[in-house]
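Okay, my_file.pdb now, which holds PDB, C-alpha atoms and all ligand atoms:
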ATOM      1  CA  MET A   1      99.714 141.448 208.134
ATOM      2  CA  THR A   2     103.267 142.588 207.332
ATOM      3  CA  ALA A   3     103.917 146.096 206.035
ATOM      4  CA  PRO A   4     104.463 146.403 202.271
ATOM      5  CA  VAL A   5     108.106 146.305 201.227
ATOM      6  CA  SER A   6     109.572 149.781 200.762
ATOM      7  CA  LEU A   7     113.334 150.021 200.555
ATOM      8  CA  PRO A   8     114.683 153.425 199.508
ATOM      9  CA  PHE A   9     118.186 153.543 198.077
ATOM     10  CA  VAL A  10     120.521 156.154 196.664
ATOM     11  CA  PHE A  11     122.864 155.821 193.709
ATOM     12  CA  PRO A  12     125.449 158.384 192.562
ATOM     13  CA  SER A  13     123.058 160.428 190.385
ATOM     14  CA  GLY A  14     119.726 159.901 192.103
ATOM     15  CA  ALA A  15     117.456 157.871 194.323
ATOM     16  CA  GLY A  16     115.227 154.854 193.910
ATOM     17  CA  LEU A  17     112.913 152.493 195.712
ATOM     18  CA  VAL A  18     112.497 148.733 195.888
ATOM     19  CA  ARG A  19     108.779 148.131 196.341
ATOM     20  CA  PRO A  20     106.022 145.651 195.421
ATOM     21  CA  TRP A  21     105.053 145.201 191.786
ATOM     22  CA  ARG A  22     101.650 146.687 190.954
ATOM     23  CA  ARG A  23      99.338 145.997 188.017
ATOM     24  CA  GLU A  24      99.786 149.659 187.000
ATOM     25  CA  ASP A  25     103.444 148.815 186.276
ATOM     26  CA  ARG A  26     102.368 146.665 183.336
ATOM     27  CA  ALA A  27     103.294 149.199 180.616
ATOM     28  CA  SER A  28     106.704 150.040 182.076
ATOM     29  CA  LEU A  29     107.395 146.352 182.735
ATOM     30  CA  LEU A  30     106.765 145.607 179.055
ATOM     31  CA  ARG A  31     108.779 148.639 177.931
ATOM     32  CA  HIS A  32     111.900 147.661 179.870
ATOM     33  CA  ALA A  33     111.668 143.865 179.930
ATOM     34  CA  ASP A  34     111.035 143.317 176.223
ATOM     35  CA  ASN A  35     114.690 143.623 175.230
ATOM     36  CA  PRO A  36     117.053 140.819 174.149
ATOM     37  CA  ASN A  37     119.980 142.598 175.834
ATOM     38  CA  VAL A  38     118.161 142.407 179.155
ATOM     39  CA  ALA A  39     117.046 138.795 178.700
ATOM     40  CA  ARG A  40     120.314 137.362 177.370
ATOM     41  CA  TYR A  41     121.806 136.150 180.651
ATOM     42  CA  LEU A  42     118.560 135.581 182.510
ATOM     43  CA  SER A  43     116.567 132.413 183.117
ATOM     44  CA  LEU A  44     114.013 131.354 180.504
ATOM     45  CA  ARG A  45     111.429 132.392 183.084
ATOM     46  CA  PHE A  46     112.271 135.821 181.658
ATOM     47  CA  PRO A  47     111.432 135.257 177.971
ATOM     48  CA  ASN A  48     112.274 137.242 174.903
ATOM     49  CA  PRO A  49     110.196 138.651 173.318
ATOM     50  CA  TYR A  50     108.528 139.602 176.594
ATOM     51  CA  THR A  51     104.806 139.832 175.836
ATOM     52  CA  SER A  52     101.644 141.019 177.596
ATOM     53  CA  ALA A  53     100.936 137.375 178.419
ATOM     54  CA  ASP A  54     104.345 137.135 180.107
ATOM     55  CA  ALA A  55     103.576 140.229 182.183
ATOM     56  CA  ASP A  56     100.214 138.711 183.163
ATOM     57  CA  ALA A  57     101.946 135.447 184.108
ATOM     58  CA  TRP A  58     104.426 137.395 186.252
ATOM     59  CA  PHE A  59     101.665 139.227 188.124
ATOM     60  CA  ALA A  60      99.741 135.962 188.560
ATOM     61  CA  PHE A  61     102.868 134.305 189.950
ATOM     62  CA  LEU A  62     103.317 137.118 192.480
ATOM     63  CA  ASP A  63      99.636 136.881 193.437
ATOM     64  CA  SER A  64     100.121 133.163 194.087
ATOM     65  CA  GLN A  65     102.856 133.837 196.638
ATOM     66  CA  GLU A  66     101.747 134.373 200.200
ATOM     67  CA  ASP A  67     104.743 136.606 200.842
ATOM     68  CA  PRO A  68     105.984 137.723 197.387
ATOM     69  CA  GLU A  69     109.677 137.246 196.725
ATOM     70  CA  GLY A  70     109.963 139.695 193.809
ATOM     71  CA  TRP A  71     109.866 143.501 193.790
ATOM     72  CA  ALA A  72     110.090 146.369 191.344
ATOM     73  CA  ILE A  73     113.051 148.718 191.185
ATOM     74  CA  GLU A  74     111.498 152.174 190.890
ATOM     75  CA  VAL A  75     113.412 155.190 189.632
ATOM     76  CA  GLN A  76     111.766 158.573 188.984
ATOM     77  CA  GLY A  77     108.376 157.077 189.762
ATOM     78  CA  GLU A  78     108.664 154.298 187.172
ATOM     79  CA  ALA A  79     109.256 150.562 187.595
ATOM     80  CA  VAL A  80     112.449 150.161 185.559
ATOM     81  CA  GLY A  81     113.629 146.759 186.732
ATOM     82  CA  GLY A  82     113.105 143.914 189.101
ATOM     83  CA  ILE A  83     114.872 142.238 192.002
ATOM     84  CA  GLY A  84     113.992 139.274 194.142
ATOM     85  CA  VAL A  85     114.882 135.948 195.637
ATOM     86  CA  ARG A  86     113.780 132.353 195.283
ATOM     87  CA  ARG A  87     113.771 130.766 198.685
ATOM     88  CA  GLY A  88     114.999 127.219 199.062
ATOM     89  CA  ALA A  89     112.956 124.403 200.617
ATOM     90  CA  ALA A  90     113.803 121.496 202.936
ATOM     91  CA  GLU A  91     117.589 121.306 203.395
ATOM     92  CA  PHE A  92     117.893 124.592 201.474
ATOM     93  CA  ALA A  93     115.349 126.465 203.585
ATOM     94  CA  HIS A  94     118.090 128.526 205.232
ATOM     95  CA  SER A  95     119.034 129.987 201.850
ATOM     96  CA  ALA A  96     117.748 131.803 198.776
ATOM     97  CA  GLU A  97     118.949 132.706 195.316
ATOM     98  CA  LEU A  98     119.096 136.374 194.405
ATOM     99  CA  GLY A  99     118.264 137.691 190.924
ATOM    100  CA  TYR A 100     117.756 141.099 189.311
ATOM    101  CA  TRP A 101     117.399 142.947 186.037
ATOM    102  CA  LEU A 102     117.261 146.577 184.951
ATOM    103  CA  GLY A 103     115.993 148.341 181.820
ATOM    104  CA  GLU A 104     118.891 149.013 179.471
ATOM    105  CA  ALA A 105     118.323 152.791 179.495
ATOM    106  CA  TYR A 106     119.330 152.797 183.179
ATOM    107  CA  TRP A 107     122.437 150.625 183.104
ATOM    108  CA  ARG A 108     125.769 151.691 184.595
ATOM    109  CA  ARG A 109     124.472 154.280 187.043
ATOM    110  CA  GLY A 110     125.019 152.158 190.156
ATOM    111  CA  ILE A 111     121.285 151.436 190.493
ATOM    112  CA  VAL A 112     121.354 147.655 190.895
ATOM    113  CA  THR A 113     124.382 147.701 193.203
ATOM    114  CA  ALA A 114     122.522 150.151 195.438
ATOM    115  CA  ALA A 115     119.298 148.104 195.289
ATOM    116  CA  VAL A 116     121.097 144.836 196.117
ATOM    117  CA  ARG A 117     122.758 146.473 199.124
ATOM    118  CA  GLU A 118     119.314 147.255 200.543
ATOM    119  CA  VAL A 119     117.643 143.983 199.577
ATOM    120  CA  VAL A 120     120.316 141.714 201.092
ATOM    121  CA  PRO A 121     119.824 142.739 204.750
ATOM    122  CA  PHE A 122     116.077 142.965 204.201
ATOM    123  CA  VAL A 123     115.603 139.388 202.924
ATOM    124  CA  THR A 124     118.091 138.074 205.469
ATOM    125  CA  GLU A 125     115.998 139.554 208.239
ATOM    126  CA  ARG A 126     112.572 138.817 206.787
ATOM    127  CA  TRP A 127     113.172 135.108 206.321
ATOM    128  CA  GLY A 128     116.055 134.559 208.715
ATOM    129  CA  LEU A 129     118.276 133.502 205.830
ATOM    130  CA  ALA A 130     121.776 132.293 206.568
ATOM    131  CA  ARG A 131     122.932 132.107 202.962
ATOM    132  CA  LEU A 132     122.299 133.971 199.726
ATOM    133  CA  THR A 133     123.452 132.556 196.423
ATOM    134  CA  ALA A 134     123.708 134.386 193.118
ATOM    135  CA  TYR A 135     124.871 133.221 189.725
ATOM    136  CA  ALA A 136     126.213 135.539 187.054
ATOM    137  CA  SER A 137     127.124 134.478 183.560
ATOM    138  CA  ALA A 138     130.918 134.554 183.287
ATOM    139  CA  ARG A 139     130.361 136.992 180.384
ATOM    140  CA  ASN A 140     128.116 139.287 182.402
ATOM    141  CA  VAL A 141     130.755 141.694 183.672
ATOM    142  CA  GLY A 142     128.150 144.121 185.016
ATOM    143  CA  SER A 143     126.451 141.503 187.156
ATOM    144  CA  ILE A 144     129.765 140.213 188.505
ATOM    145  CA  HIS A 145     130.648 143.778 189.524
ATOM    146  CA  VAL A 146     127.249 144.213 191.176
ATOM    147  CA  LEU A 147     127.748 141.124 193.326
ATOM    148  CA  GLU A 148     131.316 141.990 194.264
ATOM    149  CA  GLY A 149     130.196 145.530 195.103
ATOM    150  CA  ALA A 150     127.465 144.144 197.366
ATOM    151  CA  GLY A 151     129.824 141.966 199.383
ATOM    152  CA  PHE A 152     129.241 138.573 197.762
ATOM    153  CA  VAL A 153     132.150 136.148 197.681
ATOM    154  CA  ARG A 154     133.131 134.442 194.448
ATOM    155  CA  GLU A 155     132.798 130.722 195.203
ATOM    156  CA  GLY A 156     133.577 129.083 191.901
ATOM    157  CA  LEU A 157     132.839 128.563 188.253
ATOM    158  CA  VAL A 158     129.882 126.361 187.306
ATOM    159  CA  ARG A 159     130.586 125.238 183.770
ATOM    160  CA  ALA A 160     127.802 125.065 181.179
ATOM    161  CA  ARG A 161     125.208 125.763 183.884
ATOM    162  CA  ALA A 162     122.652 127.387 181.590
ATOM    163  CA  PHE A 163     121.638 126.835 178.015
ATOM    164  CA  ARG A 164     119.721 129.566 176.224
ATOM    165  CA  ASP A 165     119.157 130.415 172.556
ATOM    166  CA  GLY A 166     121.749 127.902 171.404
ATOM    167  CA  HIS A 167     124.471 129.081 173.793
ATOM    168  CA  ALA A 168     125.874 127.303 176.834
ATOM    169  CA  TYR A 169     126.800 129.685 179.621
ATOM    170  CA  ASP A 170     129.339 129.183 182.363
ATOM    171  CA  HIS A 171     128.224 130.863 185.572
ATOM    172  CA  VAL A 172     130.261 132.386 188.343
ATOM    173  CA  MET A 173     128.732 131.312 191.618
ATOM    174  CA  PHE A 174     128.633 133.887 194.387
ATOM    175  CA  GLY A 175     127.595 133.450 197.990
ATOM    176  CA  ARG A 176     127.056 135.471 201.104
ATOM    177  CA  VAL A 177     126.870 133.688 204.433
ATOM    178  CA  ASP A 178     125.587 135.403 207.563
ATOM    179  CA  PRO A 179     127.430 133.708 210.447
ATOM    180  CA  GLN A 180     124.980 134.893 213.096
ATOM    181  CA  ARG A 181     121.964 133.540 211.180
ATOM    182  CA  LEU A 182     123.799 130.292 210.536
ATOM    183  CA  ARG A 183     124.371 129.876 214.274
ATOM    184  CA  GLU A 184     120.643 130.455 214.812
ATOM    185  CA  TRP A 185     119.753 127.720 212.312
ATOM    186  CA  MET A 186     122.209 125.336 213.942
ATOM    187  CA  ALA A 187     120.880 126.109 217.427
ATOM    188  CA  ARG A 188     117.376 125.163 216.265
ATOM    189  CA  TYR A 189     118.583 121.688 215.359
ATOM    190  CA  ARG A 190     120.459 121.173 218.613
ATOM    191  CA  ARG A 191     117.252 121.393 220.629
TER     192      ARG A 191
HETATM  193  C1  LIG B   1     123.830 143.398 185.068
HETATM  194  C2  LIG B   1     122.975 144.582 185.477
HETATM  195  C3  LIG B   1     121.969 144.105 186.506
HETATM  196  C4  LIG B   1     123.873 145.655 186.073
HETATM  197  O1  LIG B   1     123.041 146.673 186.625
HETATM  198  P1  LIG B   1     123.575 148.169 186.729
HETATM  199  O2  LIG B   1     122.649 148.960 187.574
HETATM  200  O3  LIG B   1     123.840 148.662 185.362
HETATM  201  O4  LIG B   1     124.931 147.928 187.498
HETATM  202  P2  LIG B   1     125.753 149.043 188.285
HETATM  203  O5  LIG B   1     125.586 150.345 187.583
HETATM  204  O6  LIG B   1     125.377 148.959 189.719
HETATM  205  O7  LIG B   1     127.226 148.563 188.024
HETATM  206  C5  LIG B   1     128.047 147.898 188.950
HETATM  207  C6  LIG B   1     129.458 147.921 188.413
HETATM  208  O8  LIG B   1     129.516 147.170 187.193
HETATM  209  C7  LIG B   1     129.978 147.978 186.142
HETATM  210  N1  LIG B   1     129.219 147.610 184.957
HETATM  211  C8  LIG B   1     127.881 147.616 184.821
HETATM  212  N2  LIG B   1     127.540 147.159 183.599
HETATM  213  C9  LIG B   1     128.704 146.868 182.979
HETATM  214  C10 LIG B   1     129.029 146.373 181.686
HETATM  215  N3  LIG B   1     128.073 146.075 180.800
HETATM  216  N4  LIG B   1     130.330 146.184 181.377
HETATM  217  C11 LIG B   1     131.289 146.484 182.264
HETATM  218  N5  LIG B   1     131.059 146.949 183.513
HETATM  219  C12 LIG B   1     129.778 147.154 183.845
HETATM  220  C13 LIG B   1     129.702 149.397 186.584
HETATM  221  O9  LIG B   1     130.554 150.302 185.952
HETATM  222  C14 LIG B   1     129.968 149.314 188.055
HETATM  223  O10 LIG B   1     131.352 149.309 188.277
HETATM  224  P3  LIG B   1     131.990 149.660 189.693
HETATM  225  O11 LIG B   1     131.553 148.604 190.662
HETATM  226  O12 LIG B   1     133.448 149.626 189.424
HETATM  227  O13 LIG B   1     131.460 151.007 190.042
HETATM  228  C15 LIG B   1     122.222 145.183 184.263
HETATM  229  O14 LIG B   1     123.154 145.436 183.269
HETATM  230  C16 LIG B   1     121.156 144.257 183.742
HETATM  231  O15 LIG B   1     120.036 144.279 184.201
HETATM  232  N6  LIG B   1     121.491 143.418 182.752
HETATM  233  C17 LIG B   1     120.504 142.518 182.165
HETATM  234  C18 LIG B   1     119.958 141.503 183.138
HETATM  235  C19 LIG B   1     121.037 140.733 183.854
HETATM  236  O16 LIG B   1     122.026 140.377 183.248
HETATM  237  N7  LIG B   1     120.819 140.471 185.141
HETATM  238  C20 LIG B   1     121.759 139.749 185.963
HETATM  239  C21 LIG B   1     121.635 138.305 185.761
HETATM  240  S1  LIG B   1     122.797 137.432 186.798
END

Would you write the structure of this file as structure tokens?
Amino acid sequence: MTAPVSLPFVFPSGAGLVRPWRREDRASLLRHADNPNVARYLSLRFPNPYTSADADAWFAFLDSQEDPEGWAIEVQGEAVGGIGVRRGAAEFAHSAELGYWLGEAYWRRGIVTAAVREVVPFVTERWGLARLTAYASARNVGSIHVLEGAGFVREGLVRARAFRDGHAYDHVMFGRVDPQRLREWMARYRR
């Protein structure tokens, strides 16, 4: 049994924690997630409006994962956002895609940059990942800054990658490759 995830972080005006989602977070999840400004650049897996049924579906999804890939961002004792990865399979098993969101009331305090900086080494270690990918809408200046601030490299522009609410969105693709982990993956195949 692995220990529950608990990643403390500090941002310029306070401290926070990346930790597992709990059913008791339901009310704060709904409070912060049910916001079109939060959902705008996210996948349709994060709907708007964000209803009780969507919160239930999220908790059920986490329950279905043997080793959950999504965590709450807690600030002042409240779950105010989420962060996680989707691990790849087969030829993508060495990699994962990073995603995150934060309640609008907490934006621009350095919270997500600080959380990403803790989550990156953690997921790399936990699953031996050699590559992390992240996509940010080309219009999502905040997210682009987060990724640059967390050491991701801008790898290119993926045109019209997402379509949501009648809008096509170009995405900036970011990546982070861990050379040591990549060598480990390659060594496994040489055997
Ligand atoms: C994008 C988002 C995650 C940023 O989180 P955050 O905690 O507010 O980001 P930070 O405070 O760590 O900001 C990082 C940098 O971006 C800048 N920034 C943040 N939001 C910005 C905005 N809307 N416009 C311009 N700059 C912005 C910050 O000033 C900071 O700049 P610095 O690196 O020069 O210090 C948050 O706005 C959010 O959850 N948005 C909705 C969901 C979403 O878009 N998720 C990402 C999908 S790819």

Edge lengths and centre in Å to one decimal, as lines of an AutoDock Vina configuration file, of the axis-aligned box that encloses all listed atoms of ligand LIG 1 (chain B) with 6 Å added on every side?
center_x = 126.7
center_y = 144.2
center_z = 185.7
size_x = 25.5
size_y = 25.6
size_z = 21.9

Output the neighbourhood of ligand LIG 1 (chain B) as a PyMOL selection string, that is, all protein and nucleic acid residues with some atom at most 8 Å from the ligand, counting all atoms listed in the file. chain A and resi 37-42+81+99-104+106-114+134-137+140-146+148-149

Separation of atom CA of A:Arg181 from atom CA of A:Ser6 in Å: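 One can read the atom CA of A:Ser6 to atom CA of A:Arg181 distance as 22.9 Å.
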
Can you list, as a PDB file with C-alpha atoms, in the coordinates of the input, every protein, DNA or RNA residue that comes within 10 Å of A:Ala27 when you count only C-alpha atoms, leaving out same-chain residues fewer than 4 positions away?
ATOM      1  CA  ARG A  23      99.338 145.997 188.017  1.00  0.00           C
ATOM      2  CA  ARG A  31     108.779 148.639 177.931  1.00  0.00           C
ATOM      3  CA  HIS A  32     111.900 147.661 179.870  1.00  0.00           C
ATOM      4  CA  ALA A  33     111.668 143.865 179.930  1.00  0.00           C
ATOM      5  CA  SER A  52     101.644 141.019 177.596  1.00  0.00           C
ATOM      6  CA  ALA A  55     103.576 140.229 182.183  1.00  0.00           C
ATOM      7  CA  GLU A  78     108.664 154.298 187.172  1.00  0.00           C
ATOM      8  CA  ALA A  79     109.256 150.562 187.595  1.00  0.00           C
TER       9      ALA A  79
END

In Å, with one decimal, what is the gap from atom CA of A:Asp25 to atom CA of A:Pro121?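 Taking atom CA of A:Asp25 and atom CA of A:Pro121, their separation equals 25.4 Å.
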
The PyMOL selection byres (((chain A and resi 160-166) around 12) and not hetatm) - which residues does that actually catch in the file I just gave you? List them as a VMD selection string. chain A and resid 36 39 to 48 135 to 138 157 to 159 167 to 173

Record the distance separating atom CA of A:Asp178 and atom CA of A:Thr124, expressed in Å with one decimal.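 Between atom CA of A:Asp178 and atom CA of A:Thr124 the gap is 8.2 Å.
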
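The residue that comes closest to A:Ala3, out of A:Arg176, A:Leu30, A:Arg19, A:Ala105 and on the basis of only C-alpha atoms, is A:Arg19.
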
Using all atoms listed in the file, what does the table of stretch 86-120 of chain A residues within 10 Å of stretch 62-69 of chain A look like, with each row giving the shortest atom pair and its distance in Å to one decimal, sorted by chain and ascending number, as a Markdown table?
| residue | atom | partner | partner_atom | distance |
| --- | --- | --- | --- | --- |
| A:Arg86 | CA | A:Glu69 | CA | 6.5 |
| A:Arg87 | CA | A:Glu69 | CA | 7.9 |
| A:Ala96 | CA | A:Glu69 | CA | 9.9 |
| A:Leu98 | CA | A:Glu69 | CA | 9.7 |

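Ranking A:Gly156, A:Gly175, A:Pro4, A:Gly77 by their shortest atom-to-atom distance to A:Val120, with only C-alpha atoms included, puts A:Gly175 first.
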
Have a look at A:Gly16, A:Gly151, A:Pro8, A:Pro49 and name the one nearest to A:Val80; count all atoms listed in the file. A:Gly16
